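Everything below concerns the one structure shown next.
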Amino acid sequence: MTNIEKYIQSFTAAFDIEAEQCEGLEYQGIETWDSVGHMGLIAELEDVFDIMMDTDDIIDFSSFEKGKEILGKYDVEF
Amino acid sequence: MFKNKNIMITGTNRGIGRTMLEAFAREGANIWAHARKETSEFTENLKHVSEINAVEIMPIFFDMTNSLEMKQAVKEISDSKKTIDVLVNNAGIAHGGLFQMTSLEKMRDVFDVNYFSVLELTQLISRLMVRQKKGSIINIASISGLDLKAGNCAYGTSKAALIAATKVLSYELAPQGIRVNAIAPGLTDTNMTVLMEKKAGDAMVRETALNRLGLPEEIAQTAIFLASDKASFITGQTLRVDGGM
């Protein structure tokens with residue numbers, strides 16, 4: 001599985017959405033991406049990519065696109 | 001009761017932490033045993049406790065106020081792919097002194113260890129617990145954080161902050177299946193108590209209905225209860241274990 005596939009799968013698992021809905025998604029843009037859902041997504045991403053994110057990055061993780069940029073800091077390339 | 005469960009306890013080299021390590025091991029738990037530094041006595045004790053209880057005890061060393069060391073340690077736990085079922089935030093430092101005689105630097109030091117470092121570790125470990133949607137966090141506070149009296153401007157207020165955080169976290173982590181509780185021990189028979197002024201210690205003992213010091217084992221058994229499924233409907237609470245005050 002490629003990194004982008006893993007990334008999308010983390011979103012679909014965390015928010016119970018279809019892969020097609022991920023592009024352009026923003027924090028609080030859907031009901032399930034609230035603060036609780038956000039921590040679920042972070043847990044999913046940390047598990048899938050075997051990383052430990054800094055709190056500042058968790059706070060900055062504001063959209064599907066921004067998340068890709070942040071994961072770049074942890075050597076996750078798309 | 002805790003067979004195949006993994007528990008992290010901070011400050012396991014002495015006092016209540018060491019007794020909790022032994023008590024959880026007797027219940028069959030595998031333990032991440034934290035201490036600030038490795039010593040031969042600590043290593044020997046872990047080996048002994050591991051052997052007599054047939055459990056896995058994994059030492060883990062970091063200074064509670066060193067974020068980098070703490071993150072590396074938690075990454076090590078994460079990399080092990082073992083679950084963390086229970087976190088017991090036990091490590092702390094004691095301090096007594098009147099407000100006018102306590103420097104701000106000392107207050108910051110006490111808060112760094114007893115409050116901020118606990119929150120930082122809990123942030124990291126709770127993220128691992130979120131993955132499994134289950135966990136129990138126990139903060140070892142103090143009755144000094146509930147019965148705030150003269151001489152407690154640093155230690156007592158740091159424990160009061162910890163008790164307040166326990167309540168907040170219990171609400172925030174409940175949707176992820178994580179319970180958060182605190183234990184407020186009264187004066188307990190440990191090395192920390194020996195450091196206390198004798199007159200003040202004697203006065204505290206006289207105030208208790210049971211008229212004695214608490215035993216570390218009595219605190220450990222409370223932690224075992226709160227960590228267990230027997231306490232599955234208990235969260236956000238601070239349980240006094242103080243001999244009646």
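Order determines the names: the first chain of the structure tokens is A, the second B, and so forth; residues in each chain are numbered 1 upward, and ligands are numbered 1 upward as they are shown.
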Per residue of stretch 51-168 of chain B within 12 Å of stretch 220-224 of chain B, which atom pair is closest and at what distance in Å (one decimal), using only C-alpha atoms, listed by chain and increasing number, as JSON lines?
```
{"residue": "B:Val86", "atom": "CA", "partner": "B:Ile224", "partner_atom": "CA", "distance": 9.9}
{"residue": "B:Leu87", "atom": "CA", "partner": "B:Ala223", "partner_atom": "CA", "distance": 10.3}
{"residue": "B:Val88", "atom": "CA", "partner": "B:Ala223", "partner_atom": "CA", "distance": 8.0}
{"residue": "B:Asn89", "atom": "CA", "partner": "B:Ala223", "partner_atom": "CA", "distance": 10.6}
{"residue": "B:Asn90", "atom": "CA", "partner": "B:Ala223", "partner_atom": "CA", "distance": 10.4}
{"residue": "B:Ser136", "atom": "CA", "partner": "B:Ala223", "partner_atom": "CA", "distance": 10.3}
{"residue": "B:Ile137", "atom": "CA", "partner": "B:Ala223", "partner_atom": "CA", "distance": 9.7}
{"residue": "B:Ile138", "atom": "CA", "partner": "B:Ala223", "partner_atom": "CA", "distance": 7.0}
{"residue": "B:Asn139", "atom": "CA", "partner": "B:Ala223", "partner_atom": "CA", "distance": 9.1}
{"residue": "B:Ile140", "atom": "CA", "partner": "B:Ala223", "partner_atom": "CA", "distance": 8.8}
{"residue": "B:Ala141", "atom": "CA", "partner": "B:Ala223", "partner_atom": "CA", "distance": 11.7}
```
- Please provide the set of residues having any atom within 9 Å of stretch 3-20 of chain A, restricted to only C-alpha atoms, with same-chain residues fewer than 4 positions apart removed, written as a ChimeraX atom specification. /A:30-33,37-38,40-42,44-45,48-49,64,68,76-78
Keeping only C-alpha atoms, write the selected residues to a file as an mmCIF file, in the first residue's frame.
```cif
data_model
loop_
_atom_site.group_PDB
_atom_site.id
_atom_site.type_symbol
_atom_site.label_atom_id
_atom_site.label_comp_id
_atom_site.auth_asym_id
_atom_site.auth_seq_id
_atom_site.Cartn_x
_atom_site.Cartn_y
_atom_site.Cartn_z
ATOM 1 C CA ILE A 30 -17.852 17.180 8.669
ATOM 2 C CA GLU A 31 -19.603 16.103 11.836
ATOM 3 C CA THR A 32 -17.195 13.274 12.635
ATOM 4 C CA TRP A 33 -14.059 15.453 12.337
ATOM 5 C CA GLY A 37 -12.480 12.509 15.965
ATOM 6 C CA HIS A 38 -9.287 14.485 15.470
ATOM 7 C CA GLY A 40 -8.771 9.297 16.635
ATOM 8 C CA LEU A 41 -7.282 10.372 13.302
ATOM 9 C CA ILE A 42 -3.943 11.235 14.924
ATOM 10 C CA GLU A 44 -4.578 6.160 13.377
ATOM 11 C CA LEU A 45 -1.850 8.091 11.529
ATOM 12 C CA VAL A 48 0.006 3.482 10.403
ATOM 13 C CA PHE A 49 3.171 5.542 9.802
ATOM 14 C CA PHE A 64 -6.427 16.823 4.515
ATOM 15 C CA LYS A 68 0.264 15.792 4.140
ATOM 16 C CA VAL A 76 6.343 10.476 5.236
ATOM 17 C CA GLU A 77 6.461 11.319 1.535
ATOM 18 C CA PHE A 78 3.529 11.405 -0.850
#
```
- For stretch 2-10 of chain B: contacts at 7 Å, only C-alpha atoms, fewer than 3 positions along chain excluded, given as a ChimeraX atom specification: /B:17,27-35,83-91
I need the chosen residues saved as a tab-separated table (two decimals), in the first residue's frame, with N, CA, C and O atoms.
```tsv
chain	number	residue	atom	x	y	z
B	17	GLY	N	5.59	3.93	44.77
B	17	GLY	CA	5.80	3.42	43.40
B	17	GLY	C	6.37	2.02	43.40
B	17	GLY	O	5.94	1.14	42.64
B	27	GLU	N	-0.41	-9.36	40.79
B	27	GLU	CA	-1.71	-9.54	40.10
B	27	GLU	C	-1.52	-10.01	38.66
B	27	GLU	O	-2.48	-10.07	37.89
B	28	GLY	N	-0.27	-10.24	38.27
B	28	GLY	CA	0.00	-10.81	36.94
B	28	GLY	C	0.26	-9.80	35.84
B	28	GLY	O	0.33	-10.17	34.65
B	29	ALA	N	0.42	-8.53	36.19
B	29	ALA	CA	0.62	-7.50	35.16
B	29	ALA	C	2.07	-7.46	34.68
B	29	ALA	O	3.00	-7.66	35.47
B	30	ASN	N	2.23	-7.20	33.39
B	30	ASN	CA	3.56	-6.86	32.87
B	30	ASN	C	3.73	-5.36	33.08
B	30	ASN	O	2.77	-4.60	32.91
B	31	ILE	N	4.93	-4.95	33.42
B	31	ILE	CA	5.08	-3.56	33.85
B	31	ILE	C	6.24	-2.84	33.18
B	31	ILE	O	7.35	-3.37	33.08
B	32	TRP	N	5.93	-1.63	32.69
B	32	TRP	CA	6.97	-0.70	32.29
B	32	TRP	C	7.30	0.08	33.56
B	32	TRP	O	6.50	0.89	34.03
B	33	ALA	N	8.47	-0.20	34.11
B	33	ALA	CA	8.84	0.39	35.40
B	33	ALA	C	9.77	1.57	35.19
B	33	ALA	O	10.92	1.41	34.79
B	34	HIS	N	9.23	2.74	35.47
B	34	HIS	CA	10.02	3.96	35.26
B	34	HIS	C	10.82	4.34	36.49
B	34	HIS	O	10.36	4.19	37.63
B	35	ALA	N	12.02	4.84	36.22
B	35	ALA	CA	12.82	5.49	37.26
B	35	ALA	C	13.63	6.57	36.56
B	35	ALA	O	13.79	6.55	35.33
B	83	THR	N	0.24	-3.16	24.10
B	83	THR	CA	-0.75	-2.18	24.53
B	83	THR	C	-0.31	-1.58	25.86
B	83	THR	O	0.46	-2.19	26.60
B	84	ILE	N	-0.81	-0.39	26.13
B	84	ILE	CA	-0.64	0.16	27.49
B	84	ILE	C	-2.04	0.22	28.07
B	84	ILE	O	-2.87	0.99	27.61
B	85	ASP	N	-2.30	-0.64	29.02
B	85	ASP	CA	-3.66	-0.72	29.56
B	85	ASP	C	-3.87	0.25	30.72
B	85	ASP	O	-4.97	0.74	30.92
B	86	VAL	N	-2.79	0.49	31.47
B	86	VAL	CA	-2.90	1.36	32.65
B	86	VAL	C	-1.66	2.24	32.76
B	86	VAL	O	-0.55	1.77	32.53
B	87	LEU	N	-1.88	3.49	33.07
B	87	LEU	CA	-0.76	4.39	33.39
B	87	LEU	C	-0.96	4.87	34.83
B	87	LEU	O	-2.02	5.41	35.16
B	88	VAL	N	0.04	4.68	35.65
B	88	VAL	CA	-0.01	5.21	37.01
B	88	VAL	C	1.03	6.32	37.13
B	88	VAL	O	2.24	6.07	37.07
B	89	ASN	N	0.54	7.54	37.22
B	89	ASN	CA	1.44	8.69	37.37
B	89	ASN	C	1.76	8.86	38.85
B	89	ASN	O	1.04	9.51	39.59
B	90	ASN	N	2.86	8.25	39.25
B	90	ASN	CA	3.22	8.25	40.67
B	90	ASN	C	4.39	9.18	41.00
B	90	ASN	O	4.43	9.75	42.08
B	91	ALA	N	5.32	9.33	40.06
B	91	ALA	CA	6.53	10.11	40.36
B	91	ALA	C	6.17	11.54	40.77
B	91	ALA	O	5.30	12.17	40.19
```
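Using only C-alpha atoms for every distance, the candidate list A:Glu69, A:Asp75, A:Asp34, A:Asp50 yields A:Asp50 as the residue closest to chain B.
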- Task: Kindly provide, as a ChimeraX atom specification, the residues of chain B having any atom no farther than 8 Å from an atom of chain A, counting only C-alpha atoms.
- Result: /B:75,79,127-128,130-131,172,175-176
- Message: Applying 6 Å and only C-alpha atoms, which residues near stretch 160-163 of chain B remain after dropping the ones on its own chain fewer than 2 positions away? List them as a ChimeraX atom specification.
- Response: /B:115,145,157-158,165-166
Could the residues in this selection be saved with N, CA and C atoms as a PDB file, in the first residue's frame?
```pdb
ATOM      1  N   TYR B 115       3.100  18.320  38.131  1.00  0.00           N
ATOM      2  CA  TYR B 115       1.944  18.672  37.300  1.00  0.00           C
ATOM      3  C   TYR B 115       2.257  18.630  35.792  1.00  0.00           C
ATOM      4  N   GLY B 145      -3.545  18.236  48.370  1.00  0.00           N
ATOM      5  CA  GLY B 145      -4.165  18.922  47.229  1.00  0.00           C
ATOM      6  C   GLY B 145      -5.656  19.153  47.439  1.00  0.00           C
ATOM      7  N   THR B 157      -0.594  22.892  46.113  1.00  0.00           N
ATOM      8  CA  THR B 157      -1.260  23.484  44.946  1.00  0.00           C
ATOM      9  C   THR B 157      -0.955  22.697  43.674  1.00  0.00           C
ATOM     10  N   SER B 158       0.241  22.102  43.611  1.00  0.00           N
ATOM     11  CA  SER B 158       0.553  21.284  42.419  1.00  0.00           C
ATOM     12  C   SER B 158      -0.360  20.049  42.393  1.00  0.00           C
ATOM     13  N   ALA B 165      -7.039  18.576  36.933  1.00  0.00           N
ATOM     14  CA  ALA B 165      -6.780  18.026  35.591  1.00  0.00           C
ATOM     15  C   ALA B 165      -7.396  16.632  35.451  1.00  0.00           C
ATOM     16  N   THR B 166      -7.387  15.872  36.541  1.00  0.00           N
ATOM     17  CA  THR B 166      -7.980  14.529  36.520  1.00  0.00           C
ATOM     18  C   THR B 166      -9.445  14.607  36.097  1.00  0.00           C
TER      19      THR B 166
END
```
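Residues lying within 8 Å of stretch 41-48 of chain B, counting only C-alpha atoms and ignoring same-chain neighbours fewer than 3 positions away, are Asn13, Glu38, Glu51, Ile52, Ile57 and Pro59 of chain B.
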Mind dumping the selected residues with N, CA and C atoms as a PDB file, in the first residue's frame?
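Heads up, here's the output in result_39.pdb:
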```pdb
ATOM      1  N   ASN B  13      11.234   3.337  41.855  1.00  0.00           N
ATOM      2  CA  ASN B  13      12.473   2.946  42.549  1.00  0.00           C
ATOM      3  C   ASN B  13      12.333   2.943  44.067  1.00  0.00           C
ATOM      4  N   GLU B  38      19.175   4.563  36.384  1.00  0.00           N
ATOM      5  CA  GLU B  38      19.394   3.146  36.638  1.00  0.00           C
ATOM      6  C   GLU B  38      20.362   2.972  37.815  1.00  0.00           C
ATOM      7  N   GLU B  51      10.864 -12.395  38.456  1.00  0.00           N
ATOM      8  CA  GLU B  51      11.035 -13.849  38.596  1.00  0.00           C
ATOM      9  C   GLU B  51       9.994 -14.482  39.518  1.00  0.00           C
ATOM     10  N   ILE B  52       9.768 -13.850  40.652  1.00  0.00           N
ATOM     11  CA  ILE B  52       8.844 -14.513  41.603  1.00  0.00           C
ATOM     12  C   ILE B  52       7.387 -14.448  41.148  1.00  0.00           C
ATOM     13  N   ILE B  57       8.944  -7.410  33.338  1.00  0.00           N
ATOM     14  CA  ILE B  57       9.112  -6.045  33.850  1.00  0.00           C
ATOM     15  C   ILE B  57      10.190  -5.359  33.029  1.00  0.00           C
ATOM     16  N   PRO B  59      12.365  -2.076  32.416  1.00  0.00           N
ATOM     17  CA  PRO B  59      12.779  -0.798  32.997  1.00  0.00           C
ATOM     18  C   PRO B  59      12.771   0.298  31.946  1.00  0.00           C
TER      19      PRO B  59
END
```
- What does the distance between atom CA of B:Tyr171 and atom CA of B:Ile234 come to in Å, to one decimal place? 11.7 Å
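One distance worth recording is that between atom CA of B:Leu213 and atom CA of B:Gly243, which is 7.7 Å.
Atom pair atom CA of B:Ala164 / atom CA of B:Gly236: separated by 9.1 Å.
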- Message: Considering only helix (DSSP H, G or I) as DSSP defines it on the backbone, what residues of chain A qualify? List them as a count of residues only.
- Response: 46
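Closest approach to B:Ser232 among B:Ala174, B:Leu210, B:Met70, B:Ala23 is made by B:Ala174 (distances from only C-alpha atoms).
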